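Just data09.pdb here, PDB, C-alpha atoms:
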```pdb
MODEL        1
ATOM      1  CA  MET A   1      58.578 -21.962 113.120
ATOM      2  CA  SER A   2      61.883 -21.117 114.708
ATOM      3  CA  ASP A   3      62.201 -19.417 118.070
ATOM      4  CA  PHE A   4      62.342 -15.642 117.918
ATOM      5  CA  SER A   5      61.500 -14.920 121.565
ATOM      6  CA  PHE A   6      63.172 -11.892 123.132
ATOM      7  CA  ASP A   7      66.914 -12.304 123.590
ATOM      8  CA  TRP A   8      68.180  -9.843 126.187
ATOM      9  CA  ARG A   9      71.845 -10.679 125.693
ATOM     10  CA  ALA A  10      71.683  -9.983 121.951
ATOM     11  CA  PHE A  11      69.554  -6.861 122.497
ATOM     12  CA  SER A  12      71.941  -5.366 125.049
ATOM     13  CA  THR A  13      74.984  -6.182 122.917
ATOM     14  CA  GLY A  14      73.421  -4.325 119.984
ATOM     15  CA  ALA A  15      72.493  -1.420 122.265
ATOM     16  CA  ARG A  16      76.029  -1.216 123.652
ATOM     17  CA  ASP A  17      77.719  -1.463 120.259
ATOM     18  CA  ILE A  18      75.664   1.319 118.669
ATOM     19  CA  ILE A  19      76.404   3.917 121.375
ATOM     20  CA  ALA A  20      79.860   4.732 120.003
ATOM     21  CA  LEU A  21      78.439   5.136 116.494
ATOM     22  CA  GLY A  22      75.557   7.210 117.855
ATOM     23  CA  PHE A  23      77.597  10.083 119.369
ATOM     24  CA  PRO A  24      77.886  12.105 116.134
ATOM     25  CA  GLY A  25      74.105  12.025 115.864
ATOM     26  CA  ILE A  26      73.699  14.070 119.049
ATOM     27  CA  PRO A  27      74.953  17.444 117.746
ATOM     28  CA  VAL A  28      73.253  16.810 114.386
ATOM     29  CA  GLY A  29      69.929  16.055 116.084
ATOM     30  CA  MET A  30      70.292  19.202 118.178
ATOM     31  CA  VAL A  31      71.059  21.299 115.087
ATOM     32  CA  ILE A  32      67.934  19.857 113.462
ATOM     33  CA  GLY A  33      65.911  20.824 116.532
ATOM     34  CA  VAL A  34      67.157  24.403 116.201
ATOM     35  CA  VAL A  35      66.575  24.468 112.427
ATOM     36  CA  ILE A  36      62.994  23.265 112.990
ATOM     37  CA  THR A  37      62.277  26.292 115.179
ATOM     38  CA  GLU A  38      63.793  28.596 112.553
ATOM     39  CA  SER A  39      62.154  26.980 109.522
ATOM     40  CA  GLY A  40      58.664  28.262 110.254
ATOM     41  CA  ILE A  41      57.016  24.909 109.448
ATOM     42  CA  GLY A  42      55.782  24.491 113.012
ATOM     43  CA  ASP A  43      57.548  22.781 115.903
ATOM     44  CA  LEU A  44      55.219  19.793 116.077
ATOM     45  CA  ALA A  45      55.337  19.040 112.329
ATOM     46  CA  GLY A  46      59.121  19.447 112.372
ATOM     47  CA  TRP A  47      59.500  17.197 115.402
ATOM     48  CA  VAL A  48      57.306  14.466 113.921
ATOM     49  CA  GLY A  49      59.286  14.859 110.685
ATOM     50  CA  SER A  50      62.546  14.082 112.517
ATOM     51  CA  TRP A  51      61.371  10.683 113.651
ATOM     52  CA  VAL A  52      59.476   9.670 110.539
ATOM     53  CA  ILE A  53      62.584  10.421 108.426
ATOM     54  CA  LEU A  54      65.290   9.319 110.887
ATOM     55  CA  ALA A  55      68.136  10.566 108.710
ATOM     56  CA  GLY A  56      70.155  13.712 109.375
ATOM     57  CA  ALA A  57      71.177  14.857 105.901
ATOM     58  CA  ALA A  58      67.764  14.374 104.285
ATOM     59  CA  ASN A  59      65.998  15.950 107.249
ATOM     60  CA  LEU A  60      68.199  19.063 107.158
ATOM     61  CA  ALA A  61      67.815  19.388 103.388
ATOM     62  CA  MET A  62      64.034  19.068 103.753
ATOM     63  CA  LEU A  63      63.865  21.759 106.435
ATOM     64  CA  GLU A  64      66.059  24.148 104.434
ATOM     65  CA  LEU A  65      63.915  23.689 101.313
ATOM     66  CA  MET A  66      60.641  24.003 103.204
ATOM     67  CA  ALA A  67      61.872  27.170 104.921
ATOM     68  CA  GLU A  68      62.452  28.617 101.430
ATOM     69  CA  GLN A  69      58.895  27.661 100.440
ATOM     70  CA  THR A  70      60.187  25.242  97.790
ATOM     71  CA  SER A  71      57.481  23.163  96.092
ATOM     72  CA  ALA A  72      56.554  19.897  97.791
ATOM     73  CA  ALA A  73      57.580  17.946  94.673
ATOM     74  CA  VAL A  74      61.161  19.242  94.870
ATOM     75  CA  VAL A  75      61.302  18.638  98.637
ATOM     76  CA  LEU A  76      60.142  15.032  98.230
ATOM     77  CA  LEU A  77      62.416  14.361  95.260
ATOM     78  CA  THR A  78      65.368  15.605  97.294
ATOM     79  CA  VAL A  79      64.476  13.413 100.275
ATOM     80  CA  ALA A  80      63.957  10.459  97.914
ATOM     81  CA  PHE A  81      67.404  10.864  96.328
ATOM     82  CA  ILE A  82      69.337  11.513  99.537
ATOM     83  CA  ASN A  83      67.660   8.555 101.232
ATOM     84  CA  SER A  84      67.828   6.212  98.222
ATOM     85  CA  ARG A  85      71.068   4.785  99.643
ATOM     86  CA  HIS A  86      68.857   3.058 102.205
ATOM     87  CA  ALA A  87      67.423   0.889  99.432
ATOM     88  CA  MET A  88      70.988  -0.312  98.810
ATOM     89  CA  TYR A  89      71.322  -1.054 102.549
ATOM     90  CA  SER A  90      68.013  -2.909 102.371
ATOM     91  CA  ALA A  91      69.234  -4.989  99.424
ATOM     92  CA  ALA A  92      72.506  -5.789 101.184
ATOM     93  CA  LEU A  93      70.770  -6.993 104.366
ATOM     94  CA  ARG A  94      67.905  -8.854 102.625
ATOM     95  CA  PRO A  95      69.466 -12.350 102.641
ATOM     96  CA  ARG A  96      70.451 -12.028 106.328
ATOM     97  CA  PHE A  97      66.923 -10.989 107.346
ATOM     98  CA  ALA A  98      64.966 -13.276 104.995
ATOM     99  CA  GLY A  99      64.340 -15.890 107.708
ATOM    100  CA  PHE A 100      62.977 -13.362 110.228
ATOM    101  CA  PRO A 101      59.261 -13.282 111.164
ATOM    102  CA  ARG A 102      56.929 -11.445 108.790
ATOM    103  CA  TRP A 103      56.260  -8.601 111.240
ATOM    104  CA  PHE A 104      59.972  -7.841 111.426
ATOM    105  CA  ARG A 105      60.161  -7.333 107.688
ATOM    106  CA  PHE A 106      57.676  -4.469 108.071
ATOM    107  CA  VAL A 107      58.779  -2.942 111.397
ATOM    108  CA  GLY A 108      62.539  -3.520 111.230
ATOM    109  CA  PRO A 109      63.347  -1.440 108.113
ATOM    110  CA  TYR A 110      61.910   1.712 109.698
ATOM    111  CA  PHE A 111      64.998   1.833 111.958
ATOM    112  CA  LEU A 112      67.576   1.264 109.189
ATOM    113  CA  ILE A 113      69.760   4.303 109.920
ATOM    114  CA  ASP A 114      73.321   4.376 108.477
ATOM    115  CA  GLN A 115      74.952   3.323 111.746
ATOM    116  CA  VAL A 116      72.414   0.532 112.311
ATOM    117  CA  PHE A 117      73.220  -0.745 108.814
ATOM    118  CA  ALA A 118      76.973  -0.520 109.470
ATOM    119  CA  LEU A 119      76.592  -2.642 112.597
ATOM    120  CA  ALA A 120      74.166  -5.156 111.042
ATOM    121  CA  ALA A 121      76.353  -5.581 107.948
ATOM    122  CA  SER A 122      79.444  -6.207 110.075
ATOM    123  CA  GLN A 123      77.904  -9.081 112.081
ATOM    124  CA  PRO A 124      79.287 -12.588 111.405
ATOM    125  CA  VAL A 125      77.558 -14.456 108.556
ATOM    126  CA  ASP A 126      76.873 -17.464 110.799
ATOM    127  CA  MET A 127      75.125 -15.488 113.589
ATOM    128  CA  PRO A 128      71.849 -17.301 114.503
ATOM    129  CA  ASP A 129      68.683 -15.574 113.262
ATOM    130  CA  ARG A 130      67.188 -14.967 116.702
ATOM    131  CA  GLU A 131      70.376 -13.351 117.974
ATOM    132  CA  ARG A 132      70.752 -11.300 114.787
ATOM    133  CA  MET A 133      67.203  -9.969 115.005
ATOM    134  CA  TRP A 134      67.406  -8.873 118.652
ATOM    135  CA  ASN A 135      70.873  -7.451 118.164
ATOM    136  CA  TYR A 136      69.422  -5.352 115.352
ATOM    137  CA  PHE A 137      66.567  -4.123 117.543
ATOM    138  CA  GLY A 138      68.932  -3.353 120.424
ATOM    139  CA  SER A 139      71.004  -1.077 118.188
ATOM    140  CA  ALA A 140      67.989   0.330 116.332
ATOM    141  CA  ILE A 141      65.900   1.305 119.357
ATOM    142  CA  THR A 142      68.872   2.732 121.220
ATOM    143  CA  LEU A 143      69.826   4.940 118.283
ATOM    144  CA  TRP A 144      66.172   5.944 117.806
ATOM    145  CA  VAL A 145      65.912   7.118 121.423
ATOM    146  CA  LEU A 146      69.229   8.978 121.174
ATOM    147  CA  TRP A 147      68.119  10.685 117.957
ATOM    148  CA  VAL A 148      64.658  11.740 119.102
ATOM    149  CA  ALA A 149      66.095  12.956 122.432
ATOM    150  CA  SER A 150      68.731  15.044 120.602
ATOM    151  CA  VAL A 151      66.190  16.665 118.272
ATOM    152  CA  THR A 152      63.874  17.340 121.212
ATOM    153  CA  ALA A 153      66.751  18.879 123.195
ATOM    154  CA  GLY A 154      67.631  21.165 120.274
ATOM    155  CA  LEU A 155      63.998  22.121 119.892
ATOM    156  CA  PHE A 156      63.607  23.162 123.519
ATOM    157  CA  LEU A 157      67.090  24.319 124.472
ATOM    158  CA  GLY A 158      68.025  26.053 121.204
ATOM    159  CA  ASP A 159      71.628  26.917 120.295
ATOM    160  CA  ILE A 160      73.409  25.727 123.418
ATOM    161  CA  ILE A 161      76.414  24.290 121.586
ATOM    162  CA  ASP A 162      79.078  26.801 120.581
ATOM    163  CA  PRO A 163      79.276  26.500 116.749
ATOM    164  CA  ASP A 164      83.057  27.111 116.981
ATOM    165  CA  TRP A 165      83.399  23.537 118.257
ATOM    166  CA  GLN A 166      82.173  22.222 114.869
ATOM    167  CA  LEU A 167      80.695  19.168 116.588
ATOM    168  CA  THR A 168      78.780  18.062 113.473
ATOM    169  CA  PHE A 169      82.189  17.384 111.897
ATOM    170  CA  ALA A 170      81.981  14.122 113.865
ATOM    171  CA  VAL A 171      79.645  12.903 111.089
ATOM    172  CA  PRO A 172      82.222  12.903 108.251
ATOM    173  CA  LEU A 173      84.751  11.524 110.772
ATOM    174  CA  LEU A 174      82.352   8.688 111.608
ATOM    175  CA  PHE A 175      81.634   7.853 107.967
ATOM    176  CA  ALA A 176      85.364   7.801 107.182
ATOM    177  CA  GLY A 177      85.807   5.355 110.058
ATOM    178  CA  LEU A 178      82.877   3.186 108.990
ATOM    179  CA  MET A 179      84.289   3.122 105.459
ATOM    180  CA  LEU A 180      87.662   1.874 106.680
ATOM    181  CA  LEU A 181      86.130  -0.700 109.034
ATOM    182  CA  SER A 182      83.919  -2.063 106.244
ATOM    183  CA  ILE A 183      86.871  -2.740 103.934
ATOM    184  CA  THR A 184      87.838  -6.368 104.423
ATOM    185  CA  ASN A 185      89.557  -7.216 101.142
ATOM    186  CA  ARG A 186      90.999  -5.653  97.982
ATOM    187  CA  PRO A 187      87.691  -5.388  96.091
ATOM    188  CA  GLY A 188      86.500  -3.471  99.168
ATOM    189  CA  ILE A 189      89.259  -0.919  98.562
ATOM    190  CA  VAL A 190      88.063  -0.618  94.956
ATOM    191  CA  ALA A 191      84.467  -0.111  96.162
ATOM    192  CA  ALA A 192      85.534   2.729  98.447
ATOM    193  CA  ALA A 193      87.878   4.375  95.939
ATOM    194  CA  VAL A 194      85.366   4.291  93.082
ATOM    195  CA  GLY A 195      82.407   5.170  95.333
ATOM    196  CA  GLY A 196      84.261   8.146  96.801
ATOM    197  CA  GLY A 197      85.734   9.228  93.457
ATOM    198  CA  VAL A 198      82.431   9.121  91.590
ATOM    199  CA  ALA A 199      80.732  10.942  94.476
ATOM    200  CA  LEU A 200      83.279  13.760  94.036
ATOM    201  CA  LEU A 201      82.512  13.952  90.304
ATOM    202  CA  THR A 202      78.741  13.851  90.796
ATOM    203  CA  ALA A 203      78.631  16.192  93.805
ATOM    204  CA  GLY A 204      76.902  18.877  91.743
ATOM    205  CA  PHE A 205      74.109  16.618  90.514
ATOM    206  CA  PRO A 206      70.620  17.860  91.373
ATOM    207  CA  GLN A 207      68.872  16.876  94.599
ATOM    208  CA  GLY A 208      71.783  14.821  95.863
ATOM    209  CA  SER A 209      71.313  12.180  93.165
ATOM    210  CA  GLY A 210      75.088  11.786  92.794
ATOM    211  CA  VAL A 211      75.477   9.638  95.902
ATOM    212  CA  LEU A 212      73.272   6.850  94.538
ATOM    213  CA  ILE A 213      75.190   6.871  91.236
ATOM    214  CA  ALA A 214      78.448   6.736  93.198
ATOM    215  CA  ILE A 215      77.330   3.769  95.314
ATOM    216  CA  ILE A 216      76.207   1.804  92.248
ATOM    217  CA  ALA A 217      79.501   2.614  90.496
ATOM    218  CA  GLY A 218      81.522   1.537  93.553
ATOM    219  CA  VAL A 219      79.618  -1.711  93.973
ATOM    220  CA  SER A 220      79.898  -2.541  90.254
ATOM    221  CA  ALA A 221      83.610  -1.765  90.130
ATOM    222  CA  SER A 222      84.349  -3.875  93.187
ATOM    223  CA  THR A 223      82.479  -6.802  91.664
ATOM    224  CA  LEU A 224      84.541  -6.510  88.490
ATOM    225  CA  ALA A 225      87.671  -6.341  90.639
ATOM    226  CA  GLU A 226      86.538  -9.387  92.576
ATOM    227  CA  THR A 227      86.210 -11.536  89.464
ATOM    228  CA  ARG A 228      89.723 -10.446  88.452
ATOM    229  CA  LEU A 229      91.438 -10.626  91.820
ATOM    230  CA  GLY A 230      89.418 -13.320  93.560
ATOM    231  CA  ALA A 231      87.372 -12.625  96.688
ATOM    232  CA  ALA A 232      90.032 -13.805  99.082
ATOM    233  CA  SER A 233      92.684 -11.329  97.973
TER     234      SER A 233
ATOM    235  CA  MET B   1      50.611  20.333  99.712
ATOM    236  CA  SER B   2      50.387  21.223 103.370
ATOM    237  CA  VAL B   3      53.401  21.078 105.667
ATOM    238  CA  TRP B   4      52.046  17.988 107.394
ATOM    239  CA  ALA B   5      51.383  16.132 104.146
ATOM    240  CA  THR B   6      54.902  16.929 102.901
ATOM    241  CA  VAL B   7      56.527  15.802 106.155
ATOM    242  CA  LEU B   8      54.565  12.554 106.294
ATOM    243  CA  ALA B   9      55.173  11.855 102.592
ATOM    244  CA  ALA B  10      58.911  12.365 103.185
ATOM    245  CA  GLY B  11      58.698   9.794 105.975
ATOM    246  CA  ILE B  12      56.835   7.316 103.796
ATOM    247  CA  ILE B  13      59.327   7.722 100.931
ATOM    248  CA  THR B  14      62.203   7.088 103.341
ATOM    249  CA  TYR B  15      60.459   4.055 104.841
ATOM    250  CA  LEU B  16      59.814   2.572 101.379
ATOM    251  CA  SER B  17      63.523   2.888 100.520
ATOM    252  CA  ARG B  18      64.463   1.111 103.726
ATOM    253  CA  ALA B  19      61.730  -1.532 103.478
ATOM    254  CA  SER B  20      62.064  -2.373  99.750
ATOM    255  CA  PHE B  21      64.300  -5.451  99.696
ATOM    256  CA  ILE B  22      64.031  -6.456 103.354
ATOM    257  CA  THR B  23      60.233  -6.619 103.138
ATOM    258  CA  ALA B  24      60.422  -8.591  99.900
ATOM    259  CA  GLY B  25      62.613 -11.104 101.747
ATOM    260  CA  ASP B  26      62.862 -14.495 100.076
ATOM    261  CA  ARG B  27      60.013 -13.748  97.682
ATOM    262  CA  ILE B  28      62.630 -12.347  95.310
ATOM    263  CA  THR B  29      65.871 -13.885  94.122
ATOM    264  CA  LEU B  30      68.694 -11.792  92.759
ATOM    265  CA  PRO B  31      71.296 -13.139  90.337
ATOM    266  CA  PRO B  32      74.266 -14.549  92.316
ATOM    267  CA  THR B  33      76.613 -11.899  90.884
ATOM    268  CA  VAL B  34      74.358  -9.092  92.128
ATOM    269  CA  GLU B  35      73.939 -10.772  95.515
ATOM    270  CA  ARG B  36      77.711 -11.089  95.908
ATOM    271  CA  SER B  37      78.272  -7.516  94.811
ATOM    272  CA  LEU B  38      75.986  -6.220  97.579
ATOM    273  CA  ARG B  39      78.680  -7.093 100.107
ATOM    274  CA  TYR B  40      80.411  -3.964  98.851
ATOM    275  CA  VAL B  41      77.499  -1.601  99.532
ATOM    276  CA  ALA B  42      79.004  -0.618 102.901
ATOM    277  CA  PRO B  43      82.446   0.564 101.724
ATOM    278  CA  ALA B  44      80.995   2.151  98.558
ATOM    279  CA  SER B  45      78.281   4.150 100.315
ATOM    280  CA  PHE B  46      80.308   5.230 103.355
ATOM    281  CA  ALA B  47      83.071   6.395 100.989
ATOM    282  CA  ALA B  48      80.541   8.222  98.797
ATOM    283  CA  ILE B  49      79.521  10.248 101.856
ATOM    284  CA  ALA B  50      82.857  10.591 103.688
ATOM    285  CA  ILE B  51      85.224  11.466 100.826
ATOM    286  CA  PRO B  52      83.356  14.491  99.333
ATOM    287  CA  ALA B  53      82.510  15.679 102.873
ATOM    288  CA  THR B  54      86.202  15.592 103.771
ATOM    289  CA  LEU B  55      87.620  17.152 100.605
ATOM    290  CA  ASN B  56      84.876  19.686  99.821
ATOM    291  CA  GLY B  57      82.919  20.018 103.045
ATOM    292  CA  ASP B  58      79.182  19.430 103.424
ATOM    293  CA  ARG B  59      76.358  20.614 105.602
ATOM    294  CA  PHE B  60      77.990  18.988 108.617
ATOM    295  CA  ALA B  61      81.420  20.467 107.954
ATOM    296  CA  ASN B  62      81.153  23.817 106.229
ATOM    297  CA  PHE B  63      83.909  25.871 107.804
ATOM    298  CA  GLY B  64      86.639  27.809 105.950
ATOM    299  CA  ASP B  65      89.584  25.927 104.490
ATOM    300  CA  ASP B  66      89.590  22.302 103.358
ATOM    301  CA  TRP B  67      92.943  21.261 104.802
ATOM    302  CA  PRO B  68      92.029  21.184 108.542
ATOM    303  CA  ARG B  69      89.234  18.738 107.708
ATOM    304  CA  VAL B  70      91.526  16.581 105.626
ATOM    305  CA  ILE B  71      94.190  16.428 108.335
ATOM    306  CA  ALA B  72      91.630  15.609 111.045
ATOM    307  CA  VAL B  73      90.139  12.797 108.938
ATOM    308  CA  VAL B  74      93.607  11.397 108.162
ATOM    309  CA  VAL B  75      94.515  11.376 111.864
ATOM    310  CA  ALA B  76      91.169   9.747 112.800
ATOM    311  CA  SER B  77      91.705   7.186 110.016
ATOM    312  CA  VAL B  78      95.086   6.203 111.428
ATOM    313  CA  VAL B  79      93.388   5.562 114.795
ATOM    314  CA  ILE B  80      90.696   3.446 113.116
ATOM    315  CA  VAL B  81      93.115   1.372 111.060
ATOM    316  CA  ARG B  82      95.539   0.856 113.948
ATOM    317  CA  TRP B  83      93.134   0.322 116.892
ATOM    318  CA  ARG B  84      89.706  -0.183 115.235
ATOM    319  CA  ASN B  85      88.220   2.005 117.956
ATOM    320  CA  VAL B  86      85.434   4.356 116.811
ATOM    321  CA  PRO B  87      85.066   6.533 119.947
ATOM    322  CA  ALA B  88      88.826   7.082 120.109
ATOM    323  CA  SER B  89      88.944   8.029 116.411
ATOM    324  CA  LEU B  90      86.085  10.524 116.847
ATOM    325  CA  LEU B  91      87.686  12.077 119.901
ATOM    326  CA  ILE B  92      91.173  12.308 118.404
ATOM    327  CA  GLY B  93      89.783  13.558 115.076
ATOM    328  CA  MET B  94      87.793  16.294 116.797
ATOM    329  CA  ALA B  95      90.747  17.203 119.039
ATOM    330  CA  THR B  96      92.955  17.502 115.945
ATOM    331  CA  LEU B  97      90.456  19.866 114.362
ATOM    332  CA  TRP B  98      90.181  21.970 117.527
ATOM    333  CA  LEU B  99      93.967  22.182 117.719
ATOM    334  CA  ILE B 100      94.218  23.391 114.111
ATOM    335  CA  LEU B 101      91.321  25.831 114.386
ATOM    336  CA  GLY B 102      92.622  27.080 117.732
ATOM    337  CA  VAL B 103      89.316  26.562 119.518
ATOM    338  CA  SER B 104      89.573  27.505 123.160
TER     339      SER B 104
ENDMDL
END
```
Could you write out this file's structure as structure tokens?
Amino acid sequence: MSDFSFDWRAFSTGARDIIALGFPGIPVGMVIGVVITESGIGDLAGWVGSWVILAGAANLAMLELMAEQTSAAVVLLTVAFINSRHAMYSAALRPRFAGFPRWFRFVGPYFLIDQVFALAASQPVDMPDRERMWNYFGSAITLWVLWVASVTAGLFLGDIIDPDWQLTFAVPLLFAGLMLLSITNRPGIVAAAVGGGVALLTAGFPQGSGVLIAIIAGVSASTLAETRLGAAS
Amino acid sequence: MSVWATVLAAGIITYLSRASFITAGDRITLPPTVERSLRYVAPASFAAIAIPATLNGDRFANFGDDWPRVIAVVVASVVIVRWRNVPASLLIGMATLWLILGVS
């Protein structure tokens, strides 16, 4: 059994590195807090919902649908589709986490927010398991605290951010940045171009199902490109 | 279904998506081609979110015209590609948007 004892250096590095990626979550969390109060589903249920879902887009969609008294089946289908990209994240990280203790493989995935995935996926392939695991937790727990604090602030303080500032626009800005940082070779460019292009075409698909189709298309196209171009190109 | 049941079910569905492959760990083996292709999940999924949000807007960016968004994202992208600095790109991207929209 390898050593997985707490590694403060790795934990604090993960915590530090996620802060920059966590900023855009603050206004989104606060908006969700406000939407909870307006949705009529109850502040406590809405608040618990924010940290069991831990995903801005799906959470907002859920609150909007529940406020309109949409059927539970449609609400859950929507959340399932919007959050299905996390299964792709899970698949991508699986080999890197396969050597982790059993308890991690149940607790760890709960925290797999987009930014946590972006950071975990960008770590060097040869990072030791113990360091990788505590780095993951450092980023995951830090982002969790930031998210729950933001939702709670929105819930209690209400609309304190002037909507004219459009602070939630930091989310598309962040994802554009993460996209560019994650491109390391030419097949990566193909993945982004096809993923983005197909997402544009499938934007009207019901319950946000287009994003999953787009990701699968992007990944498949990049793999085809890789066999033609070679991974190193 | 009650509000609480719906909220908790939404959480469980999300958790199952996230857990799926990680929890399976080395009890499953994927074909090497599929395993290799998963290295491209990051660029494909971030693009699938960022590109429609930039060109058409989304729930996080639903103001008026498309072009201020596009310009702000292009400026932020230059910062990312040149300096690989996320906070700087967010700040400069937001500042670009504020400049265009005339926020004061």
Fewer than 2 positions away in the same chain doesn't count, so skip those; otherwise give me all residues within 8 Å of Val3 (chain B), counting only C-alpha atoms, as number ranges by chain. A: 41, 45; B: 1, 5-7
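The residues caught by the PyMOL selection byres ((chain A and resi 70-74) around 12) in this file are Ala61, Met62, Leu63, Glu64, Leu65, Met66, Ala67, Glu68, Gln69, Val75, Leu76, Leu77, Thr78, Val79, Ala80, Phe81, Pro206, Gln207 and Gly208 of chain A; Met1, Ser2, Val3, Trp4, Ala5, Thr6, Val7, Leu8, Ala9 and Ala10 of chain B.
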Pull out every residue of chain B sitting within 6 Å of chain A, counting only C-alpha atoms, and send them as a list in words.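 Residues passing the distance filter: Val7, Ala10, Gly11, Tyr15, Ser17, Arg18, Ala19, Phe21, Ile22, Thr23, Gly25, Asp26, Ser37, Leu38, Tyr40, Val41, Pro43, Ala44, Ser45, Phe46, Ala47, Ala48, Ala50, Ile51, Pro52, Phe60, Ala61, Val73 and Pro87 of chain B.
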Can you write just those residues out, C-alpha atoms, as an mmCIF file, in the coordinates of the input?
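Listing of selection18.cif after writing:
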```
data_model
loop_
_atom_site.group_PDB
_atom_site.id
_atom_site.type_symbol
_atom_site.label_atom_id
_atom_site.label_comp_id
_atom_site.auth_asym_id
_atom_site.auth_seq_id
_atom_site.Cartn_x
_atom_site.Cartn_y
_atom_site.Cartn_z
ATOM 1 C CA VAL B 7 56.527 15.802 106.155
ATOM 2 C CA ALA B 10 58.911 12.365 103.185
ATOM 3 C CA GLY B 11 58.698 9.794 105.975
ATOM 4 C CA TYR B 15 60.459 4.055 104.841
ATOM 5 C CA SER B 17 63.523 2.888 100.520
ATOM 6 C CA ARG B 18 64.463 1.111 103.726
ATOM 7 C CA ALA B 19 61.730 -1.532 103.478
ATOM 8 C CA PHE B 21 64.300 -5.451 99.696
ATOM 9 C CA ILE B 22 64.031 -6.456 103.354
ATOM 10 C CA THR B 23 60.233 -6.619 103.138
ATOM 11 C CA GLY B 25 62.613 -11.104 101.747
ATOM 12 C CA ASP B 26 62.862 -14.495 100.076
ATOM 13 C CA SER B 37 78.272 -7.516 94.811
ATOM 14 C CA LEU B 38 75.986 -6.220 97.579
ATOM 15 C CA TYR B 40 80.411 -3.964 98.851
ATOM 16 C CA VAL B 41 77.499 -1.601 99.532
ATOM 17 C CA PRO B 43 82.446 0.564 101.724
ATOM 18 C CA ALA B 44 80.995 2.151 98.558
ATOM 19 C CA SER B 45 78.281 4.150 100.315
ATOM 20 C CA PHE B 46 80.308 5.230 103.355
ATOM 21 C CA ALA B 47 83.071 6.395 100.989
ATOM 22 C CA ALA B 48 80.541 8.222 98.797
ATOM 23 C CA ALA B 50 82.857 10.591 103.688
ATOM 24 C CA ILE B 51 85.224 11.466 100.826
ATOM 25 C CA PRO B 52 83.356 14.491 99.333
ATOM 26 C CA PHE B 60 77.990 18.988 108.617
ATOM 27 C CA ALA B 61 81.420 20.467 107.954
ATOM 28 C CA VAL B 73 90.139 12.797 108.938
ATOM 29 C CA PRO B 87 85.066 6.533 119.947
#
```
Kindly indicate which residue among B:Ile100, B:Val86, B:Leu91, B:Ile49 lies nearest to Ile71 (chain B), using all atoms listed in the file for the distances. B:Ile100
Residue members of the PyMOL selection byres ((chain A and resi 124-131) around 7) in the file shown, as a PyMOL selection string: chain A and resi 3-4+7+10+100+122-123+132-135
